[in-house]
>>> print(open('protein12.cif').read())   # mmCIF, C-alpha atoms
data_target
loop_
_atom_site.label_atom_id
_atom_site.label_comp_id
_atom_site.auth_asym_id
_atom_site.auth_seq_id
_atom_site.Cartn_x
_atom_site.Cartn_y
_atom_site.Cartn_z
CA MET F 29 -15.88 -32.49 23.03
CA ILE F 30 -12.54 -33.73 24.29
CA ARG F 31 -11.51 -36.88 22.47
CA ARG F 32 -10.92 -39.76 24.80
CA ALA F 33 -8.87 -42.84 24.21
CA VAL F 34 -10.64 -46.04 25.21
CA LEU F 35 -8.32 -48.65 26.68
CA ILE F 36 -9.97 -52.09 26.73
CA SER F 37 -8.52 -54.66 29.06
CA SER F 38 -8.10 -57.30 26.37
CA ALA F 39 -6.24 -59.74 28.54
CA LEU F 40 -8.96 -59.71 31.18
CA LEU F 41 -11.79 -60.12 28.69
CA ALA F 42 -9.84 -62.79 26.76
CA GLY F 43 -9.35 -64.69 30.00
CA VAL F 44 -13.09 -64.74 30.55
CA LEU F 45 -13.61 -66.02 27.02
CA VAL F 46 -10.91 -68.71 27.40
CA GLY F 47 -12.42 -69.81 30.70
CA ALA F 48 -15.85 -70.06 29.11
CA CYS F 49 -14.45 -72.13 26.25
CA SER F 50 -12.56 -74.45 28.59
CA ASP F 51 -15.79 -75.18 30.46
CA ASN F 52 -17.17 -76.70 27.26
CA ALA F 53 -14.05 -78.78 26.53
CA GLY F 54 -14.64 -82.48 26.44
CA LYS F 55 -18.42 -82.21 26.14
CA PRO F 56 -20.23 -84.17 23.44
CA ALA F 57 -20.67 -82.46 20.09
CA GLY F 58 -24.42 -82.55 20.51
CA ASN F 59 -24.27 -80.14 23.45
CA ALA F 60 -22.00 -77.60 21.69
CA GLY F 61 -24.85 -75.69 20.04
CA ALA F 62 -26.82 -75.34 23.25
CA GLY F 63 -23.72 -74.14 25.15
CA ALA F 64 -22.88 -71.52 22.51
CA ALA F 65 -26.46 -70.23 22.51
CA GLN F 66 -26.37 -69.61 26.27
CA GLN F 67 -22.81 -68.28 26.48
CA ALA F 68 -22.75 -64.67 27.77
CA THR F 69 -20.60 -62.07 26.03
CA PRO F 70 -18.11 -60.40 28.41
CA VAL F 71 -18.48 -56.61 28.61
CA GLY F 72 -16.76 -53.99 30.72
CA VAL F 73 -19.06 -52.18 33.14
CA ILE F 74 -18.89 -49.48 35.79
CA ALA F 75 -21.26 -49.20 38.73
CA LEU F 76 -22.94 -45.78 38.91
CA THR F 77 -23.29 -43.82 42.12
CA LYS F 78 -25.27 -40.62 42.65
CA ALA F 79 -23.03 -37.65 43.45
CA SER F 80 -22.55 -33.94 42.80
CA PHE F 81 -20.90 -33.16 39.46
CA PRO F 82 -19.97 -29.86 37.75
CA ILE F 83 -22.17 -28.51 34.95
CA THR F 84 -19.91 -27.52 32.08
CA THR F 85 -20.13 -26.47 28.45
CA ILE F 86 -17.50 -26.04 25.74
CA LEU F 87 -17.53 -22.97 23.49
CA PRO F 88 -15.38 -22.24 20.41
CA GLY F 89 -13.52 -18.98 20.16
CA ARG F 90 -10.61 -16.92 18.84
CA ALA F 91 -7.81 -15.19 20.66
CA GLU F 92 -7.48 -11.40 20.34
CA ALA F 93 -4.86 -8.95 21.55
CA PHE F 94 -5.77 -6.98 24.67
CA GLN F 95 -4.77 -3.75 22.91
CA THR F 96 -3.79 -3.06 19.30
CA ALA F 97 -2.37 0.21 17.97
CA ASP F 98 -1.50 1.09 14.38
CA ILE F 99 1.37 3.55 14.57
CA ARG F 100 1.07 6.56 12.22
CA PRO F 101 3.08 9.81 12.05
CA GLN F 102 1.48 13.05 13.22
CA VAL F 103 3.97 15.26 11.35
CA SER F 104 5.50 15.03 7.90
CA GLY F 105 9.17 14.45 7.16
CA ILE F 106 11.92 11.95 6.42
CA ILE F 107 12.49 9.00 8.75
CA ARG F 108 15.96 9.49 10.22
CA GLU F 109 16.08 6.56 12.64
CA ILE F 110 14.20 3.33 13.46
CA ALA F 111 14.95 2.47 17.09
CA PHE F 112 13.19 -0.87 17.66
CA LYS F 113 13.80 -4.51 16.78
CA GLU F 114 11.08 -5.92 14.58
CA GLY F 115 9.03 -8.58 16.35
CA GLY F 116 10.51 -7.68 19.73
CA GLU F 117 8.98 -6.50 22.97
CA ILE F 118 8.76 -2.79 23.69
CA LYS F 119 7.83 -0.72 26.73
CA LYS F 120 5.55 2.27 26.97
CA GLY F 121 7.48 5.42 26.00
CA ASP F 122 10.21 3.60 24.03
CA LEU F 123 11.38 5.47 20.91
CA LEU F 124 10.16 3.78 17.73
CA TYR F 125 10.83 6.27 14.91
CA GLN F 126 12.73 9.55 14.72
CA ILE F 127 11.56 11.93 11.98
CA GLU F 128 13.94 14.64 10.81
CA ASP F 129 13.38 17.42 13.37
CA ALA F 130 15.53 20.32 12.06
CA PRO F 131 12.57 22.18 10.44
CA TYR F 132 10.52 21.80 13.60
CA ILE F 133 13.36 23.04 15.83
CA ALA F 134 13.57 26.13 13.61
CA ALA F 135 9.81 26.64 13.94
CA VAL F 136 10.12 26.53 17.73
CA GLU F 137 12.90 29.13 17.70
CA GLN F 138 10.86 31.34 15.38
CA ALA F 139 7.89 31.12 17.75
CA LYS F 140 10.10 32.10 20.69
CA ALA F 141 11.32 35.16 18.75
CA ALA F 142 7.73 36.14 17.98
CA ILE F 143 6.96 36.06 21.72
CA SER F 144 9.88 38.35 22.47
CA LYS F 145 8.77 40.77 19.77
CA ALA F 146 5.21 40.85 21.03
CA GLU F 147 6.29 41.32 24.63
CA ALA F 148 8.50 44.29 23.66
CA SER F 149 5.48 46.36 22.59
CA VAL F 150 3.57 45.88 25.84
CA PRO F 151 5.52 48.33 28.11
CA SER F 152 5.18 51.16 25.55
CA ALA F 153 1.45 50.57 25.23
CA GLU F 154 1.08 50.56 29.03
CA SER F 155 2.94 53.90 29.41
CA ASN F 156 0.87 55.48 26.66
CA LEU F 157 -2.37 54.37 28.34
CA GLU F 158 -1.29 55.79 31.70
CA ARG F 159 -0.47 59.19 30.13
CA TYR F 160 -3.82 59.48 28.36
CA GLN F 161 -5.58 58.42 31.54
CA ARG F 162 -4.07 61.40 33.42
CA LEU F 163 -4.84 63.84 30.62
CA VAL F 164 -8.43 62.89 29.99
CA GLY F 165 -10.51 66.08 30.25
CA SER F 166 -7.49 68.43 30.39
CA GLY F 167 -5.56 67.83 27.15
CA ALA F 168 -6.69 64.45 25.84
CA THR F 169 -10.01 63.31 24.59
CA GLN F 170 -11.91 60.24 25.71
CA ILE F 171 -11.45 58.77 22.24
CA GLU F 172 -7.68 59.02 22.51
CA TYR F 173 -7.80 57.26 25.87
CA GLU F 174 -9.93 54.43 24.49
CA THR F 175 -7.56 54.04 21.54
CA ALA F 176 -4.57 53.73 23.89
CA ARG F 177 -6.36 51.11 25.96
CA THR F 178 -7.20 49.11 22.84
CA THR F 179 -3.58 49.25 21.70
CA LEU F 180 -2.43 47.78 25.02
CA LEU F 181 -4.97 44.98 24.85
CA GLN F 182 -3.85 44.16 21.30
CA ALA F 183 -0.22 44.03 22.39
CA LYS F 184 -1.03 41.61 25.19
CA ALA F 185 -3.15 39.48 22.81
CA GLU F 186 -0.24 39.25 20.39
CA VAL F 187 1.91 37.93 23.24
CA GLU F 188 -0.64 35.21 24.02
CA SER F 189 -0.94 34.36 20.33
CA ALA F 190 2.82 34.02 20.04
CA LYS F 191 2.86 31.73 23.10
CA ALA F 192 0.16 29.55 21.53
CA ALA F 193 2.20 29.37 18.33
CA LEU F 194 5.21 28.26 20.38
CA SER F 195 3.13 25.53 22.03
CA ALA F 196 1.96 24.27 18.63
CA ALA F 197 5.52 24.33 17.29
CA GLN F 198 6.76 22.44 20.36
CA ILE F 199 4.03 19.81 19.93
CA ASP F 200 5.06 19.27 16.30
CA LEU F 201 8.68 18.98 17.42
CA ASP F 202 7.73 16.40 20.06
CA HIS F 203 5.82 14.41 17.43
CA THR F 204 9.00 13.91 15.44
CA LYS F 205 9.77 11.28 18.09
CA ILE F 206 7.23 8.48 17.68
CA VAL F 207 7.05 6.47 20.92
CA ALA F 208 5.21 3.33 22.07
CA PRO F 209 1.78 4.04 23.61
CA PHE F 210 1.86 0.89 25.80
CA ASP F 211 3.86 -2.26 26.54
CA GLY F 212 3.58 -4.95 23.90
CA VAL F 213 5.05 -6.78 20.92
CA ILE F 214 5.82 -4.75 17.81
CA ASP F 215 5.32 -5.90 14.23
CA GLN F 216 7.69 -5.37 11.32
CA THR F 217 8.08 -1.86 9.92
CA ALA F 218 6.41 -0.83 6.68
CA TYR F 219 8.84 2.08 6.16
CA ASN F 220 12.61 2.32 6.28
CA VAL F 221 15.14 5.03 7.08
CA GLY F 222 15.04 7.69 4.37
CA ASN F 223 11.38 7.19 3.49
CA VAL F 224 9.14 10.26 3.53
CA VAL F 225 6.01 10.03 5.67
CA SER F 226 3.00 12.33 5.95
CA ALA F 227 0.97 13.44 8.93
CA ASN F 228 -1.99 11.15 9.65
CA GLN F 229 -1.39 9.02 6.55
CA SER F 230 -3.64 6.02 5.94
CA THR F 231 -0.81 3.46 5.90
CA ALA F 232 0.51 2.52 9.34
CA LEU F 233 4.24 2.50 10.00
CA THR F 234 3.89 -0.61 12.17
CA THR F 235 1.52 -2.23 14.69
CA ILE F 236 1.86 -2.86 18.43
CA ARG F 237 -0.15 -5.54 20.26
CA GLN F 238 -0.44 -6.09 23.98
CA LEU F 239 -0.58 -9.84 24.58
CA ASP F 240 -0.69 -10.02 28.38
CA PRO F 241 -3.50 -10.32 29.24
CA VAL F 242 -5.28 -11.65 26.15
CA TYR F 243 -8.94 -11.64 25.09
CA ILE F 244 -10.79 -14.79 24.02
CA SER F 245 -13.97 -14.14 22.04
CA LEU F 246 -16.32 -17.11 22.49
CA THR F 247 -19.42 -17.86 20.44
CA GLU F 248 -22.61 -19.13 22.07
CA SER F 249 -26.09 -19.72 20.67
CA SER F 250 -28.97 -17.48 21.72
CA THR F 251 -30.98 -20.62 22.62
CA ASN F 252 -28.41 -21.62 25.24
CA LEU F 253 -28.37 -18.04 26.51
CA LEU F 254 -32.07 -18.28 27.33
CA ARG F 255 -31.53 -21.63 29.07
CA LEU F 256 -28.67 -20.23 31.14
CA ARG F 257 -30.76 -17.26 32.24
CA ASP F 258 -33.59 -19.57 33.32
CA ALA F 259 -31.13 -21.75 35.25
CA MET F 260 -29.61 -18.68 36.94
CA ALA F 261 -33.06 -17.44 37.91
CA ALA F 262 -33.84 -20.86 39.40
CA GLY F 263 -30.56 -20.84 41.34
CA ASP F 264 -29.27 -23.96 39.61
CA ILE F 265 -26.02 -22.38 38.43
CA LYS F 266 -23.68 -19.60 39.45
CA GLY F 267 -23.95 -15.94 38.60
CA ALA F 268 -21.82 -14.59 35.75
CA GLU F 269 -19.26 -13.10 38.15
CA ASN F 270 -18.49 -16.57 39.58
CA VAL F 271 -18.32 -18.54 36.32
CA ALA F 272 -14.95 -20.25 35.80
CA PHE F 273 -13.38 -20.42 32.34
CA HIS F 274 -10.67 -22.92 31.36
CA LEU F 275 -8.95 -22.81 27.98
CA ILE F 276 -8.19 -25.74 25.66
CA LEU F 277 -5.47 -24.91 23.14
CA GLU F 278 -5.23 -26.00 19.51
CA ASP F 279 -3.09 -29.01 20.42
CA GLY F 280 -5.73 -30.27 22.87
CA LYS F 281 -3.80 -29.29 26.00
CA GLU F 282 -5.44 -27.31 28.79
CA TYR F 283 -4.03 -23.83 29.39
CA ASN F 284 -2.76 -23.38 32.95
CA GLN F 285 -4.48 -20.02 33.51
CA GLN F 286 -8.09 -19.36 34.52
CA GLY F 287 -10.08 -16.68 32.76
CA LYS F 288 -12.81 -14.32 33.90
CA LEU F 289 -15.76 -12.85 32.07
CA ASP F 290 -14.99 -9.41 30.60
CA MET F 291 -18.18 -8.63 28.71
CA SER F 292 -20.89 -10.15 26.53
CA LYS F 293 -22.48 -8.43 23.57
CA GLN F 294 -26.14 -7.60 23.99
CA VAL F 295 -26.82 -8.25 20.31
CA VAL F 296 -27.53 -11.61 18.64
CA SER F 297 -26.27 -12.13 15.08
CA GLU F 298 -29.14 -12.11 12.59
CA THR F 299 -27.34 -14.60 10.34
CA THR F 300 -25.97 -17.17 12.82
CA GLY F 301 -28.22 -16.73 15.87
CA THR F 302 -25.18 -16.46 18.14
CA PHE F 303 -23.72 -13.84 20.44
CA ILE F 304 -20.17 -13.10 21.58
CA ILE F 305 -18.77 -13.60 25.09
CA ARG F 306 -15.37 -12.01 25.73
CA VAL F 307 -13.16 -13.57 28.40
CA LEU F 308 -9.90 -12.19 29.80
CA PHE F 309 -7.00 -14.61 30.37
CA PRO F 310 -3.54 -13.90 31.85
CA ASN F 311 -0.87 -14.62 29.23
CA PRO F 312 2.53 -14.03 30.90
CA ASP F 313 4.43 -16.49 28.68
CA ARG F 314 2.79 -15.36 25.39
CA ILE F 315 1.47 -18.89 24.79
CA VAL F 316 -1.85 -17.66 23.41
CA LEU F 317 -1.39 -15.54 20.27
CA PRO F 318 -3.98 -13.42 18.43
CA GLY F 319 -5.85 -15.41 15.82
CA MET F 320 -5.49 -18.80 17.54
CA TYR F 321 -8.56 -21.04 17.48
CA VAL F 322 -9.31 -22.25 21.01
CA ARG F 323 -12.07 -23.85 23.03
CA ALA F 324 -13.15 -22.79 26.48
CA THR F 325 -14.62 -25.08 29.10
CA VAL F 326 -17.12 -23.06 31.12
CA GLU F 327 -17.98 -24.38 34.58
CA LEU F 328 -21.44 -23.04 35.35
CA GLY F 329 -22.20 -24.75 38.64
CA ALA F 330 -22.91 -28.20 40.07
CA GLU F 331 -25.83 -30.63 40.08
CA THR F 332 -26.54 -33.94 41.80
CA GLY F 333 -27.03 -36.93 39.50
CA TYR F 334 -25.28 -39.73 37.64
CA ALA F 335 -22.33 -39.12 35.30
CA LEU F 336 -22.46 -41.20 32.10
CA PRO F 337 -19.09 -41.15 30.28
CA GLN F 338 -19.52 -39.79 26.77
CA LEU F 339 -17.60 -42.76 25.32
CA ALA F 340 -20.43 -45.07 26.49
CA THR F 341 -23.35 -43.01 25.16
CA SER F 342 -24.95 -42.16 21.83
CA ARG F 343 -27.98 -40.35 20.43
CA ASP F 344 -31.11 -41.92 18.95
CA ALA F 345 -33.09 -40.65 15.98
CA ASN F 346 -34.98 -38.24 18.24
CA GLY F 347 -31.79 -36.76 19.67
CA ARG F 348 -32.22 -38.40 23.07
CA LEU F 349 -29.19 -39.59 24.99
CA THR F 350 -29.00 -43.41 25.09
CA ALA F 351 -26.79 -45.87 26.95
CA GLN F 352 -26.55 -49.65 27.43
CA PHE F 353 -26.99 -51.18 30.90
CA VAL F 354 -26.88 -54.69 32.34
CA SER F 355 -30.35 -55.62 33.55
CA ALA F 356 -31.14 -57.65 36.66
CA ASP F 357 -31.33 -60.86 34.62
CA GLY F 358 -27.91 -60.28 33.05
CA LYS F 359 -29.06 -59.00 29.66
CA VAL F 360 -28.38 -55.78 27.73
CA GLU F 361 -30.92 -53.06 28.40
CA THR F 362 -31.08 -49.81 26.38
CA ARG F 363 -32.18 -46.71 28.27
CA ALA F 364 -33.02 -43.30 26.80
CA PHE F 365 -32.84 -40.02 28.73
CA GLU F 366 -34.86 -36.94 27.83
CA ASN F 367 -32.70 -34.47 29.77
CA SER F 368 -28.93 -34.41 30.18
CA SER F 369 -26.29 -31.78 30.90
CA PRO F 370 -22.62 -31.76 29.87
CA SER F 371 -20.21 -32.33 32.75
CA ASN F 372 -16.55 -32.44 31.69
CA ASN F 373 -16.16 -35.79 29.86
CA SER F 374 -19.59 -37.06 30.84
CA TRP F 375 -23.31 -36.45 30.51
CA LEU F 376 -25.10 -35.68 33.77
CA VAL F 377 -28.46 -37.48 34.16
CA THR F 378 -30.82 -37.10 37.11
CA GLU F 379 -33.58 -39.63 36.29
CA GLY F 380 -33.88 -43.23 35.12
CA ILE F 381 -30.88 -44.60 37.05
CA ASN F 382 -30.41 -46.09 40.52
CA ASP F 383 -27.31 -46.52 42.64
CA GLY F 384 -25.37 -49.61 41.62
CA ASP F 385 -26.75 -49.82 38.06
CA GLN F 386 -24.10 -51.25 35.75
CA LEU F 387 -23.29 -49.12 32.67
CA ILE F 388 -21.60 -50.93 29.77
CA VAL F 389 -18.45 -49.01 28.76
CA THR F 390 -16.57 -51.54 26.58
CA GLY F 391 -17.70 -54.22 24.15
CA LEU F 392 -20.61 -52.08 22.96
CA GLN F 393 -19.99 -53.00 19.32
CA SER F 394 -20.52 -56.72 20.07
CA VAL F 395 -23.82 -56.56 21.94
CA ALA F 396 -27.42 -55.62 21.31
CA ALA F 397 -30.50 -55.16 23.45
CA GLY F 398 -31.65 -58.41 25.05
CA MET F 399 -28.34 -60.28 24.65
CA PRO F 400 -26.96 -62.07 27.73
CA VAL F 401 -23.66 -60.56 28.92
CA LYS F 402 -21.05 -61.26 31.55
CA PRO F 403 -20.15 -58.00 33.42
CA VAL F 404 -16.43 -57.36 33.97
CA PRO F 405 -15.81 -54.53 36.49
CA MET F 406 -13.89 -51.60 34.98
CA LYS F 407 -13.10 -48.04 35.97
CA ILE F 408 -12.35 -44.76 34.21
CA ASN F 409 -9.19 -42.90 35.20
CA ASP F 410 -8.65 -39.16 35.35
CA ASN F 411 -7.74 -39.06 31.64
CA GLY F 412 -11.06 -40.61 30.60
CA VAL F 413 -9.47 -43.98 29.79
CA VAL F 414 -11.22 -47.24 30.61
CA VAL F 415 -9.03 -49.63 32.61
CA ALA F 416 -9.58 -52.80 34.62
CA ALA F 417 -11.00 -52.18 38.08
CA GLU F 418 -8.23 -54.18 39.74
CA GLN F 419 -4.78 -54.62 38.25
CA PRO F 420 -2.75 -57.46 39.83
CA ALA F 421 0.60 -56.43 41.21
CA ALA F 422 3.75 -57.62 39.44
CA GLY F 423 4.61 -59.96 42.31
CA ASP F 424 1.18 -61.58 42.22
CA ALA F 425 1.78 -63.37 38.93
CA GLU F 426 1.13 -67.10 38.93
CA LYS F 427 4.02 -68.93 40.56
CA PRO F 428 5.13 -72.49 39.76
CA ALA F 429 3.79 -75.12 42.18
CA ALA F 430 6.21 -76.27 44.87
CA LYS F 431 7.57 -79.77 44.49
#
>>> encode(input="protein12.cif", output="structure tokens")
Amino acid sequence: MIRRAVLISSALLAGVLVGACSDNAGKPAGNAGAGAAQQATPVGVIALTKASFPITTILPGRAEAFQTADIRPQVSGIIREIAFKEGGEIKKGDLLYQIEDAPYIAAVEQAKAAISKAEASVPSAESNLERYQRLVGSGATQIEYETARTTLLQAKAEVESAKAALSAAQIDLDHTKIVAPFDGVIDQTAYNVGNVVSANQSTALTTIRQLDPVYISLTESSTNLLRLRDAMAAGDIKGAENVAFHLILEDGKEYNQQGKLDMSKQVVSETTGTFIIRVLFPNPDRIVLPGMYVRATVELGAETGYALPQLATSRDANGRLTAQFVSADGKVETRAFENSSPSNNSWLVTEGINDGDQLIVTGLQSVAAGMPVKPVPMKINDNGVVVAAEQPAAGDAEKPAAK
């Protein structure tokens, strides 16, 4: 959960204490014990009001590149040129490596010559077939005609074979230029100019990662998955397509982009009892890098109830949520809640509270159930910090009395 700073209005509470002490000034010593026994401890409180609050949960996860490609050569040869800057950005189609292409150019020329040679035999075979076709039955046998026809077909097949060999040679020549398969950031090179590489070798030349957008793989327990499905079926929370994801970075700051659900694995880990949810986040400024540990706040819907700040709550031995309230007679009252849902920096409770109930948010370490207390109104700002409900303006400070 997000750590919150708790700002206690010391001056305000100290003023209450000083005022209480001044009331006892000048009284006989015999009354001091009775006054101390009845003196109420000042505590900061907030008045609770029923409202609609978001239902949220926080999941841990790791950042992953949108696409990753290990670059390997598809032909063998010597690296003649490395055309990229290590660690820089590259575009799809940019030249990365140039492998020595002279042998492959020669292979292409040889394949072109083979086509010309094969094509040269076709006209002769066609003329021979036409002659035997006219002479069949009057000077040429059927066998001679069939042989001439077969010769022509073989000549044409050799032409097609030579064309296929040219295509293969051209493909190998094209593969001497290793280009980027997509936009991304390129890693350092594992080979230098002059190194010999082999086709489809196991060691990659370098790696390209696409970082915009970026994947976040979140981990959730299978128990919570069942609860979420029940809540969806009951209509209490949104469908998966409407769930909002907000990212909390390693430094505790919230990422300024909103993610959307990409996919969730349909398999639960046998060892951890968890499953993976993958979320897609825009990453135009490359703030999120692969391998980063992050947390995602998932807003599942909204529910009507009372929001108890997490800083004012705890758990009992049975795991129930507990909080301290000021009772009607001005004493500390401990309440336990069987059901609660996370809602940003608070716990959402729907039972056991009424409008106007005073929740103790500061001074909790100094009080116990049944102790008399003096409520001091407080409020919690947008950063989850407890402050005095009313701060006097600078010009409202006590002025000297007029003479």
>>> atom_distance(input="protein12.cif", atom1="atom CA of F:Thr325", atom2="atom CA of F:Lys407")
24.0 Å
>>> closest_residue(input="protein12.cif", among="F:Gln238, F:Ile143, F:Pro312, F:Asp383", to="F:Ala192", atoms="only C-alpha atoms")
F:Ile143
>>> resolve_selection(input="protein12.cif", expression="the PyMOL selection byres ((chain F and resi 127-142) around 12)", output="PyMOL selection string")
chain F and resi 100-111+123-126+143-149+186-207+219-227
>>> resolve_selection(input="protein12.cif", expression="the PyMOL selection byres ((chain F and resi 284) around 10)", output="compact mmCIF listing (two decimals) with C-alpha atoms, keeping the file's coordinate frame")
# COMPACT_ATOMS: atom_id res chain seq x y z
CA HIS F 274 -10.67 -22.92 31.36
CA LEU F 275 -8.95 -22.81 27.98
CA ILE F 276 -8.19 -25.74 25.66
CA LYS F 281 -3.80 -29.29 26.00
CA GLU F 282 -5.44 -27.31 28.79
CA TYR F 283 -4.03 -23.83 29.39
CA GLN F 285 -4.48 -20.02 33.51
CA GLN F 286 -8.09 -19.36 34.52
CA GLY F 287 -10.08 -16.68 32.76
CA PRO F 310 -3.54 -13.90 31.85
CA ASN F 311 -0.87 -14.62 29.23
>>> closest_residue(input="protein12.cif", among="F:Ile244, F:Arg177, F:Ile99, F:Thr350", to="F:Ala232", atoms="only C-alpha atoms")
F:Ile99
>>> atom_distance(input="protein12.cif", atom1="atom CA of F:Val71", atom2="atom CA of F:Gln352")
10.7 Å
>>> atom_distance(input="protein12.cif", atom1="atom CA of F:Arg237", atom2="atom CA of F:Ala97")
6.6 Å
>>> decode(input="protein12.cif", residues="stretch 224-241 of chain F", atoms="N, CA, C and O atoms", output="JSON list (two decimals), in the first residue's frame")
[["chain", "number", "residue", "atom", "x", "y", "z"],
["F", 224, "VAL", "N", 33.90, -13.33, -38.21],
["F", 224, "VAL", "CA", 33.19, -14.25, -39.09],
["F", 224, "VAL", "C", 31.94, -14.74, -38.38],
["F", 224, "VAL", "O", 31.99, -15.15, -37.22],
["F", 225, "VAL", "N", 30.82, -14.70, -39.07],
["F", 225, "VAL", "CA", 29.56, -15.19, -38.52],
["F", 225, "VAL", "C", 29.02, -16.31, -39.40],
["F", 225, "VAL", "O", 29.39, -16.42, -40.58],
["F", 226, "SER", "N", 28.15, -17.12, -38.81],
["F", 226, "SER", "CA", 27.59, -18.26, -39.53],
["F", 226, "SER", "C", 26.08, -18.14, -39.60],
["F", 226, "SER", "O", 25.44, -17.55, -38.72],
["F", 227, "ALA", "N", 25.51, -18.72, -40.62],
["F", 227, "ALA", "CA", 24.06, -18.67, -40.80],
["F", 227, "ALA", "C", 23.36, -19.36, -39.64],
["F", 227, "ALA", "O", 23.72, -20.48, -39.25],
["F", 228, "ASN", "N", 22.36, -18.65, -39.07],
["F", 228, "ASN", "CA", 21.52, -19.20, -38.00],
["F", 228, "ASN", "C", 22.33, -19.68, -36.79],
["F", 228, "ASN", "O", 21.98, -20.68, -36.16],
["F", 229, "GLN", "N", 23.39, -18.97, -36.45],
["F", 229, "GLN", "CA", 24.19, -19.33, -35.29],
["F", 229, "GLN", "C", 23.40, -19.12, -34.01],
["F", 229, "GLN", "O", 22.43, -18.36, -33.97],
["F", 230, "SER", "N", 23.83, -19.79, -32.94],
["F", 230, "SER", "CA", 23.09, -19.71, -31.68],
["F", 230, "SER", "C", 23.30, -18.37, -30.96],
["F", 230, "SER", "O", 22.41, -17.88, -30.26],
["F", 231, "THR", "N", 24.45, -17.76, -31.13],
["F", 231, "THR", "CA", 24.75, -16.49, -30.47],
["F", 231, "THR", "C", 24.21, -15.33, -31.29],
["F", 231, "THR", "O", 24.50, -15.21, -32.48],
["F", 232, "ALA", "N", 23.42, -14.47, -30.64],
["F", 232, "ALA", "CA", 22.84, -13.31, -31.34],
["F", 232, "ALA", "C", 23.90, -12.23, -31.55],
["F", 232, "ALA", "O", 24.81, -12.05, -30.72],
["F", 233, "LEU", "N", 23.78, -11.51, -32.65],
["F", 233, "LEU", "CA", 24.67, -10.38, -32.91],
["F", 233, "LEU", "C", 24.34, -9.22, -31.97],
["F", 233, "LEU", "O", 25.24, -8.56, -31.44],
["F", 234, "THR", "N", 23.06, -8.98, -31.76],
["F", 234, "THR", "CA", 22.59, -7.94, -30.85],
["F", 234, "THR", "C", 21.11, -8.17, -30.60],
["F", 234, "THR", "O", 20.52, -9.14, -31.13],
["F", 235, "THR", "N", 20.47, -7.31, -29.82],
["F", 235, "THR", "CA", 19.05, -7.45, -29.48],
["F", 235, "THR", "C", 18.34, -6.12, -29.66],
["F", 235, "THR", "O", 18.90, -5.07, -29.30],
["F", 236, "ILE", "N", 17.15, -6.15, -30.21],
["F", 236, "ILE", "CA", 16.32, -4.96, -30.37],
["F", 236, "ILE", "C", 15.08, -5.12, -29.51],
["F", 236, "ILE", "O", 14.46, -6.19, -29.49],
["F", 237, "ARG", "N", 14.71, -4.03, -28.81],
["F", 237, "ARG", "CA", 13.50, -4.05, -27.98],
["F", 237, "ARG", "C", 12.62, -2.86, -28.33],
["F", 237, "ARG", "O", 13.11, -1.74, -28.41],
["F", 238, "GLN", "N", 11.35, -3.12, -28.51],
["F", 238, "GLN", "CA", 10.39, -2.04, -28.71],
["F", 238, "GLN", "C", 9.81, -1.66, -27.36],
["F", 238, "GLN", "O", 9.20, -2.48, -26.66],
["F", 239, "LEU", "N", 10.00, -0.39, -26.97],
["F", 239, "LEU", "CA", 9.63, 0.06, -25.63],
["F", 239, "LEU", "C", 8.39, 0.93, -25.60],
["F", 239, "LEU", "O", 7.96, 1.36, -24.53],
["F", 240, "ASP", "N", 7.81, 1.25, -26.73],
["F", 240, "ASP", "CA", 6.60, 2.05, -26.77],
["F", 240, "ASP", "C", 5.61, 1.39, -27.73],
["F", 240, "ASP", "O", 5.83, 1.41, -28.95],
["F", 241, "PRO", "N", 4.55, 0.80, -27.21],
["F", 241, "PRO", "CA", 4.14, 0.70, -25.80],
["F", 241, "PRO", "C", 4.98, -0.32, -25.04],
["F", 241, "PRO", "O", 5.91, -0.90, -25.60]]
